[in-house]
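First the structure, in the form of structure tokens, and then the observations on it.
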Amino acid sequence: MKFATTLAAGFVAAMAACLSASPASAAFILSFDENGNGCLENSDHNCTTPVVGTLEADPTGRVAGDVLVYQLPETVTTGDVGVGDFGTNTLSDVLTFTNANGDTSGAFDGDLMIFYSELGGSDLADTGFPDQAFTIFVTENADGSFTYSPFPNVYVGSSPEGVPEPLTLSLFGAGLVGAAALRRRKAMST
């Protein structure tokens with residue numbers, strides 16, 4: 001699983017303020033994936049400090065069992081962000097910013113991020129979603145990465161690639177046709 005380094009977000013700007021870091025917080029960039037691999041990055045997107053997500057009981061109590069939790073370096077306002085699949089915007093991941101008490105109201109600061117994802121995979125975040133609607137929504141890029149950037153912090157996530165996108169399949173097919181043509185041409189010239 002690779003970390004995304006592109007910064008493209010499609011979230012509702014008017015709602016971004018409700019999850020922004022508290023004014024005293026320093027800016028940080030957190031890259032992470034559904035297997036718990038994470039890293040605090042500098043502005044050049046070079047890893048400076050590894051951050052490991054751990055499986056813990058859901059502090060919010062909204063999903064039964066353990067969820068993938070990351071400890072954030074600074075406190076942020078609590079709340080949720082939905083992540084939609086590329087091309088369909090079907091919910092595929094959820095980021096929840098919370099505290100040890102499980103607050104998600106936006107009324108408190110928290111230093112935890114929970115990464116929920118679809119059921120069915122073998123990744124640590126594959127625990128299902130909290131049952132609710134999401135007013136802040138970002139969209140995955142074609143490679144399965146996504147970026148959520150409430151000023152001043154940036155969260156760059158990577159989801160596993162599911163079914164290949166049609167463009168990927170087309171390029172793969174074109175490569176096979178080209179390889180076959182070269183092989184045939186080589187066979188005819190000998």
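Please note that chains go A, B, ... in the order of the structure tokens, that every chain numbers its residues from 1, and that ligands are numbered from 1 in the order shown.
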
Test item, strand (DSSP E) assignment across segment 3-150 of chain A, answer as a VMD selection string:
chain A and resid 29 to 33 37 to 41 47 to 52 54 to 57 66 to 77 79 to 84 91 to 98 109 to 117 137 to 139 145 to 148

Please produce a file of those selected residues containing C-alpha atoms, as a JSON list (two decimals), in the first residue's frame.
```
[["chain", "number", "residue", "atom", "x", "y", "z"],
["A", 29, "ILE", "CA", 0.57, 16.48, 7.51],
["A", 30, "LEU", "CA", -0.48, 12.93, 8.37],
["A", 31, "SER", "CA", -0.28, 10.24, 5.69],
["A", 32, "PHE", "CA", -1.86, 6.92, 6.54],
["A", 33, "ASP", "CA", -3.33, 3.75, 5.12],
["A", 37, "ASN", "CA", 0.97, 2.54, 8.51],
["A", 38, "GLY", "CA", 1.23, 6.26, 9.05],
["A", 39, "CYS", "CA", 3.73, 9.06, 8.99],
["A", 40, "LEU", "CA", 3.96, 12.71, 9.95],
["A", 41, "GLU", "CA", 5.43, 14.49, 6.93],
["A", 47, "CYS", "CA", 8.33, 11.25, 6.38],
["A", 48, "THR", "CA", 9.69, 12.76, 9.59],
["A", 49, "THR", "CA", 7.97, 10.65, 12.26],
["A", 50, "PRO", "CA", 6.33, 7.24, 11.84],
["A", 51, "VAL", "CA", 2.82, 7.06, 13.33],
["A", 52, "VAL", "CA", 1.34, 3.62, 13.84],
["A", 54, "THR", "CA", -3.57, 0.61, 16.50],
["A", 55, "LEU", "CA", -6.65, -1.55, 16.87],
["A", 56, "GLU", "CA", -8.64, -0.41, 19.90],
["A", 57, "ALA", "CA", -12.19, -0.54, 21.15],
["A", 66, "ASP", "CA", -11.93, -2.81, 17.49],
["A", 67, "VAL", "CA", -11.26, 0.08, 15.08],
["A", 68, "LEU", "CA", -8.08, 1.55, 13.60],
["A", 69, "VAL", "CA", -7.06, 4.55, 15.75],
["A", 70, "TYR", "CA", -4.24, 7.05, 15.18],
["A", 71, "GLN", "CA", -2.88, 9.35, 17.89],
["A", 72, "LEU", "CA", -2.69, 12.89, 16.47],
["A", 73, "PRO", "CA", 0.25, 15.16, 17.34],
["A", 74, "GLU", "CA", -2.06, 18.09, 18.21],
["A", 75, "THR", "CA", -5.66, 18.48, 19.27],
["A", 76, "VAL", "CA", -8.29, 19.12, 16.60],
["A", 77, "THR", "CA", -12.04, 19.77, 16.71],
["A", 79, "GLY", "CA", -16.32, 15.40, 14.06],
["A", 80, "ASP", "CA", -16.64, 13.14, 11.01],
["A", 81, "VAL", "CA", -15.61, 13.19, 7.35],
["A", 82, "GLY", "CA", -17.05, 10.80, 4.76],
["A", 83, "VAL", "CA", -14.86, 9.63, 1.86],
["A", 84, "GLY", "CA", -16.47, 8.66, -1.44],
["A", 91, "LEU", "CA", -19.17, 6.03, 0.81],
["A", 92, "SER", "CA", -15.97, 3.97, 1.10],
["A", 93, "ASP", "CA", -14.15, 5.34, 4.16],
["A", 94, "VAL", "CA", -14.85, 7.53, 7.19],
["A", 95, "LEU", "CA", -12.47, 9.64, 9.26],
["A", 96, "THR", "CA", -13.65, 10.40, 12.77],
["A", 97, "PHE", "CA", -11.82, 12.93, 14.92],
["A", 98, "THR", "CA", -12.53, 12.30, 18.58],
["A", 109, "ASP", "CA", -11.06, 19.06, 21.00],
["A", 110, "GLY", "CA", -9.71, 15.57, 20.45],
["A", 111, "ASP", "CA", -6.37, 14.00, 19.66],
["A", 112, "LEU", "CA", -7.54, 10.74, 18.05],
["A", 113, "MET", "CA", -8.45, 9.89, 14.46],
["A", 114, "ILE", "CA", -10.39, 6.74, 13.66],
["A", 115, "PHE", "CA", -10.18, 5.34, 10.13],
["A", 116, "TYR", "CA", -13.29, 3.27, 9.31],
["A", 117, "SER", "CA", -13.61, 1.46, 5.98],
["A", 137, "PHE", "CA", -17.33, 14.71, 2.17],
["A", 138, "VAL", "CA", -14.10, 14.19, 0.20],
["A", 139, "THR", "CA", -13.63, 12.06, -2.90],
["A", 145, "SER", "CA", -5.90, 8.05, -2.32],
["A", 146, "PHE", "CA", -7.74, 10.97, -0.77],
["A", 147, "THR", "CA", -6.89, 14.22, 0.96],
["A", 148, "TYR", "CA", -8.75, 16.04, 3.66]]
```

Point-to-point distance in Å for atom CA of Thr104 of chain A and atom CA of Gly157 of chain A
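Distance between the two atoms: 20.0 Å.
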
Find the residues near Gly87 of chain A: any atom within 10 Å, counting only C-alpha atoms, skip ones fewer than 3 places away on the same chain, and give them as JSON, numbers by chain.
{"A": [84, 90, 139, 140, 141, 142, 165]}

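With atom CA of Pro130 of chain A on one side and atom CA of Ala100 of chain A on the other, the separation reads 17.0 Å.
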